[in-house]
$ cat entry-v8.pdb   # PDB, C-alpha atoms and all ligand atoms
ATOM      1  CA  MET N 152     108.105 108.505 127.897  1.00  0.00           C
ATOM      2  CA  VAL N 153     108.102 106.214 124.892  1.00  0.00           C
ATOM      3  CA  LYS N 154     105.230 103.821 124.471  1.00  0.00           C
ATOM      4  CA  ILE N 155     105.693 100.880 122.094  1.00  0.00           C
ATOM      5  CA  THR N 156     102.828  98.600 121.160  1.00  0.00           C
ATOM      6  CA  ILE N 157     103.052  95.418 119.110  1.00  0.00           C
ATOM      7  CA  ASP N 158      99.736  94.045 117.907  1.00  0.00           C
ATOM      8  CA  HIS N 159     100.389  90.314 117.874  1.00  0.00           C
ATOM      9  CA  ASP N 160      97.208  89.662 115.903  1.00  0.00           C
ATOM     10  CA  LYS N 161      98.798  91.577 113.007  1.00  0.00           C
ATOM     11  CA  CYS N 162     102.499  90.812 113.576  1.00  0.00           C
ATOM     12  CA  GLU N 163     104.000  87.950 111.539  1.00  0.00           C
ATOM     13  CA  GLY N 164     106.698  87.440 114.170  1.00  0.00           C
ATOM     14  CA  ALA N 165     109.775  85.474 113.135  1.00  0.00           C
ATOM     15  CA  ASP N 166     108.392  85.124 109.575  1.00  0.00           C
ATOM     16  CA  CYS N 167     108.895  88.869 109.079  1.00  0.00           C
ATOM     17  CA  ALA N 168     110.901  90.542 111.868  1.00  0.00           C
ATOM     18  CA  GLU N 169     111.732  93.514 109.617  1.00  0.00           C
ATOM     19  CA  CYS N 170     111.426  95.854 112.593  1.00  0.00           C
ATOM     20  CA  ILE N 171     114.129  93.961 114.467  1.00  0.00           C
ATOM     21  CA  ASP N 172     116.500  94.298 111.517  1.00  0.00           C
ATOM     22  CA  VAL N 173     115.999  98.039 111.081  1.00  0.00           C
ATOM     23  CA  CYS N 174     115.934  99.212 114.690  1.00  0.00           C
ATOM     24  CA  PRO N 175     119.224 101.028 115.331  1.00  0.00           C
ATOM     25  CA  MET N 176     118.836 100.710 119.095  1.00  0.00           C
ATOM     26  CA  GLU N 177     118.107  96.961 119.323  1.00  0.00           C
ATOM     27  CA  VAL N 178     114.863  97.681 121.133  1.00  0.00           C
ATOM     28  CA  LEU N 179     113.006  94.773 119.563  1.00  0.00           C
ATOM     29  CA  ILE N 180     114.014  91.117 119.746  1.00  0.00           C
ATOM     30  CA  LEU N 181     112.572  87.720 118.966  1.00  0.00           C
ATOM     31  CA  ASP N 182     111.306  85.614 121.831  1.00  0.00           C
ATOM     32  CA  GLY N 183     110.807  82.327 120.065  1.00  0.00           C
ATOM     33  CA  GLU N 184     108.457  83.190 117.189  1.00  0.00           C
ATOM     34  CA  LYS N 185     107.271  86.415 118.750  1.00  0.00           C
ATOM     35  CA  VAL N 186     108.575  89.981 118.409  1.00  0.00           C
ATOM     36  CA  VAL N 187     108.941  91.488 121.861  1.00  0.00           C
ATOM     37  CA  ILE N 188     110.212  94.731 123.367  1.00  0.00           C
ATOM     38  CA  GLN N 189     113.563  94.314 125.043  1.00  0.00           C
ATOM     39  CA  ASN N 190     114.656  97.758 126.180  1.00  0.00           C
ATOM     40  CA  LYS N 191     112.028 100.400 125.628  1.00  0.00           C
ATOM     41  CA  GLU N 192     114.148 103.069 127.307  1.00  0.00           C
ATOM     42  CA  GLU N 193     116.684 102.871 124.445  1.00  0.00           C
ATOM     43  CA  CYS N 194     114.073 103.822 121.845  1.00  0.00           C
ATOM     44  CA  SER N 195     114.925 107.056 120.007  1.00  0.00           C
ATOM     45  CA  LEU N 196     111.450 107.423 118.452  1.00  0.00           C
ATOM     46  CA  CYS N 197     112.942 107.216 114.956  1.00  0.00           C
ATOM     47  CA  GLU N 198     109.826 105.305 113.822  1.00  0.00           C
ATOM     48  CA  VAL N 199     111.648 103.192 111.224  1.00  0.00           C
ATOM     49  CA  CYS N 200     110.071 100.077 112.753  1.00  0.00           C
ATOM     50  CA  MET N 201     106.641 101.551 112.039  1.00  0.00           C
ATOM     51  CA  ASP N 202     107.671 102.499 108.506  1.00  0.00           C
ATOM     52  CA  VAL N 203     108.999  99.054 107.667  1.00  0.00           C
ATOM     53  CA  CYS N 204     106.200  96.951 109.164  1.00  0.00           C
ATOM     54  CA  PRO N 205     103.959  95.642 106.350  1.00  0.00           C
ATOM     55  CA  ASN N 206     101.041  95.105 108.743  1.00  0.00           C
ATOM     56  CA  GLU N 207     101.064  98.284 110.815  1.00  0.00           C
ATOM     57  CA  ALA N 208     101.573  96.053 113.840  1.00  0.00           C
ATOM     58  CA  VAL N 209     104.111  98.312 115.561  1.00  0.00           C
ATOM     59  CA  VAL N 210     103.115 101.636 117.052  1.00  0.00           C
ATOM     60  CA  VAL N 211     105.677 103.886 118.712  1.00  0.00           C
ATOM     61  CA  GLU N 212     104.541 107.046 120.407  1.00  0.00           C
ATOM     62  CA  ASP N 213     105.766 109.635 122.836  1.00  0.00           C
ATOM     63  CA  ASP N 214     103.130 109.645 125.555  1.00  0.00           C
ATOM     64  CA  ASP N 215     104.522 112.494 127.655  1.00  0.00           C
TER      65      ASP N 215
HETATM   66  S1  LIG N 301     111.255 103.899 116.911  1.00  0.00           S
HETATM   67 FE1  LIG N 301     113.371 103.420 116.190  1.00  0.00          FE
HETATM   68  S2  LIG N 301     114.540 103.099 118.076  1.00  0.00           S
HETATM   69 FE2  LIG N 301     112.361 102.946 118.631  1.00  0.00          FE
HETATM   70  S3  LIG N 301     111.858 100.753 118.493  1.00  0.00           S
HETATM   71 FE3  LIG N 301     111.350 101.671 116.511  1.00  0.00          FE
HETATM   72  S4  LIG N 301     113.192 101.373 115.226  1.00  0.00           S
HETATM   73 FE4  LIG N 301     113.793 101.063 117.408  1.00  0.00          FE
END

$ encode --input "entry-v8.pdb" --output "structure tokens" --more "lines below"
Ligand code: SF4
Amino acid sequence: MVKITIDHDKCEGADCAECIDVCPMEVLILDGEKVVIQNKEECSLCEVCMDVCPNEAVVVEDDD
């Protein structure tokens, strides 16, 4: 199963939101100013959200 963690102490939220733009599966969305996980089950573990985050706030892992 995919596990996605967003560290909101590091995440710049709506001021950045790079991960939302790059995610091909629309897993991440904005809830007000905050980046939240919308549909974790759609995640393909491509890790582009991790690559693009300037703050290492997003961690995606396969925790099977
Ligand atoms: S790993 Fe890929 S599919 Fe999963 S949330 Fe990140 S960008 Fe979206």

$ residues_near_point --input "entry-v8.pdb" --point "(107.6, 88.0, 112.6)" --cutoff "12 Å" --atoms "all atoms listed in the file" --output "VMD selection string"
chain N and resid 157 to 172 179 to 187 204 to 206 208 to 209

$ residues_near_ligand --input "entry-v8.pdb" --ligand "ligand LIG 301 (chain N)" --cutoff "7 Å" --atoms "all atoms listed in the file" --output "list in words"
Cys170, Val173, Cys174, Pro175, Met176, Glu177, Val178, Leu179, Glu193, Cys194, Ser195, Leu196, Cys197, Glu198, Val199, Cys200, Met201 and Val211 of chain N

$ write_last_selection --input "entry-v8.pdb" --atoms "C-alpha atoms" --output "short mmCIF file (atom, residue, chain, number, x, y, z; two decimals), keeping the file's coordinate frame"
data_model
loop_
_atom_site.label_atom_id
_atom_site.label_comp_id
_atom_site.auth_asym_id
_atom_site.auth_seq_id
_atom_site.Cartn_x
_atom_site.Cartn_y
_atom_site.Cartn_z
CA CYS N 170 111.43 95.85 112.59
CA VAL N 173 116.00 98.04 111.08
CA CYS N 174 115.93 99.21 114.69
CA PRO N 175 119.22 101.03 115.33
CA MET N 176 118.84 100.71 119.10
CA GLU N 177 118.11 96.96 119.32
CA VAL N 178 114.86 97.68 121.13
CA LEU N 179 113.01 94.77 119.56
CA GLU N 193 116.68 102.87 124.44
CA CYS N 194 114.07 103.82 121.84
CA SER N 195 114.92 107.06 120.01
CA LEU N 196 111.45 107.42 118.45
CA CYS N 197 112.94 107.22 114.96
CA GLU N 198 109.83 105.30 113.82
CA VAL N 199 111.65 103.19 111.22
CA CYS N 200 110.07 100.08 112.75
CA MET N 201 106.64 101.55 112.04
CA VAL N 211 105.68 103.89 118.71
#

$ closest_residue --input "entry-v8.pdb" --among "N:Ile155, N:Val210, N:Asp215, N:Val203" --to "N:Ile188" --atoms "all atoms listed in the file"
N:Ile155

$ resolve_selection --input "entry-v8.pdb" --expression "the PyMOL selection byres (((chain N and resi 213) around 7) and not hetatm)" --output "PyMOL selection string"
chain N and resi 152-154+212+214-215

$ write_last_selection --input "entry-v8.pdb" --atoms "C-alpha atoms" --output "short mmCIF file (atom, residue, chain, number, x, y, z; two decimals), in the coordinates of the input"
data_model
loop_
_atom_site.label_atom_id
_atom_site.label_comp_id
_atom_site.auth_asym_id
_atom_site.auth_seq_id
_atom_site.Cartn_x
_atom_site.Cartn_y
_atom_site.Cartn_z
CA MET N 152 108.10 108.50 127.90
CA VAL N 153 108.10 106.21 124.89
CA LYS N 154 105.23 103.82 124.47
CA GLU N 212 104.54 107.05 120.41
CA ASP N 214 103.13 109.64 125.56
CA ASP N 215 104.52 112.49 127.66
#

$ build_atoms --input "entry-v8.pdb" --residues "stretch 159-170 of chain N" --atoms "all heavy atoms" --output "short mmCIF file (atom, residue, chain, number, x, y, z; two decimals), keeping the file's coordinate frame"
data_model
loop_
_atom_site.label_atom_id
_atom_site.label_comp_id
_atom_site.auth_asym_id
_atom_site.auth_seq_id
_atom_site.Cartn_x
_atom_site.Cartn_y
_atom_site.Cartn_z
N HIS N 159 100.00 91.67 118.26
CA HIS N 159 100.39 90.31 117.87
C HIS N 159 99.36 89.61 116.99
O HIS N 159 99.65 88.56 116.43
CB HIS N 159 100.71 89.49 119.13
CG HIS N 159 101.98 89.96 119.79
ND1 HIS N 159 103.24 89.72 119.27
CD2 HIS N 159 102.19 90.70 120.90
CE1 HIS N 159 104.15 90.28 120.04
NE2 HIS N 159 103.55 90.89 121.04
N ASP N 160 98.18 90.20 116.86
CA ASP N 160 97.21 89.66 115.90
C ASP N 160 97.62 90.01 114.47
O ASP N 160 97.29 89.30 113.53
CB ASP N 160 95.80 90.21 116.18
CG ASP N 160 95.24 89.69 117.49
OD1 ASP N 160 95.62 88.58 117.90
OD2 ASP N 160 94.43 90.40 118.11
N LYS N 161 98.35 91.13 114.33
CA LYS N 161 98.80 91.58 113.01
C LYS N 161 100.24 91.16 112.71
O LYS N 161 100.61 90.95 111.56
CB LYS N 161 98.71 93.11 112.91
CG LYS N 161 97.31 93.67 112.97
CD LYS N 161 97.39 95.19 112.88
CE LYS N 161 96.04 95.86 112.96
NZ LYS N 161 96.17 97.33 113.04
N CYS N 162 101.06 91.09 113.74
CA CYS N 162 102.50 90.81 113.58
C CYS N 162 102.74 89.39 113.08
O CYS N 162 102.14 88.44 113.58
CB CYS N 162 103.21 91.03 114.92
SG CYS N 162 104.98 90.67 114.87
N GLU N 163 103.65 89.27 112.08
CA GLU N 163 104.00 87.95 111.54
C GLU N 163 105.16 87.32 112.30
O GLU N 163 105.63 86.23 111.95
CB GLU N 163 104.36 88.08 110.06
CG GLU N 163 103.18 88.54 109.19
CD GLU N 163 103.60 88.81 107.75
OE1 GLU N 163 104.41 88.05 107.20
OE2 GLU N 163 103.12 89.81 107.19
N GLY N 164 105.65 88.00 113.31
CA GLY N 164 106.70 87.44 114.17
C GLY N 164 107.96 87.08 113.41
O GLY N 164 108.42 87.83 112.56
N ALA N 165 108.50 85.91 113.70
CA ALA N 165 109.78 85.47 113.14
C ALA N 165 109.72 85.35 111.61
O ALA N 165 110.76 85.40 110.95
CB ALA N 165 110.19 84.14 113.75
N ASP N 166 108.52 85.22 111.03
CA ASP N 166 108.39 85.12 109.58
C ASP N 166 108.68 86.46 108.90
O ASP N 166 108.93 86.50 107.69
CB ASP N 166 106.98 84.66 109.19
CG ASP N 166 106.74 83.21 109.57
OD1 ASP N 166 107.73 82.46 109.72
OD2 ASP N 166 105.56 82.84 109.74
N CYS N 167 108.63 87.54 109.64
CA CYS N 167 108.90 88.87 109.08
C CYS N 167 110.09 89.48 109.80
O CYS N 167 111.19 89.48 109.29
CB CYS N 167 107.64 89.73 109.22
SG CYS N 167 107.87 91.47 108.81
N ALA N 168 109.84 89.99 111.01
CA ALA N 168 110.90 90.54 111.87
C ALA N 168 111.69 91.68 111.23
O ALA N 168 112.84 91.93 111.58
CB ALA N 168 111.84 89.42 112.35
N GLU N 169 111.08 92.37 110.26
CA GLU N 169 111.73 93.51 109.62
C GLU N 169 112.09 94.60 110.64
O GLU N 169 113.13 95.24 110.56
CB GLU N 169 110.79 94.14 108.57
CG GLU N 169 110.49 93.24 107.40
CD GLU N 169 111.54 93.33 106.30
OE1 GLU N 169 112.32 94.29 106.33
OE2 GLU N 169 111.57 92.44 105.46
N CYS N 170 111.21 94.80 111.60
CA CYS N 170 111.43 95.85 112.59
C CYS N 170 112.69 95.59 113.41
O CYS N 170 113.43 96.51 113.75
CB CYS N 170 110.21 95.96 113.51
SG CYS N 170 109.77 94.41 114.33
#
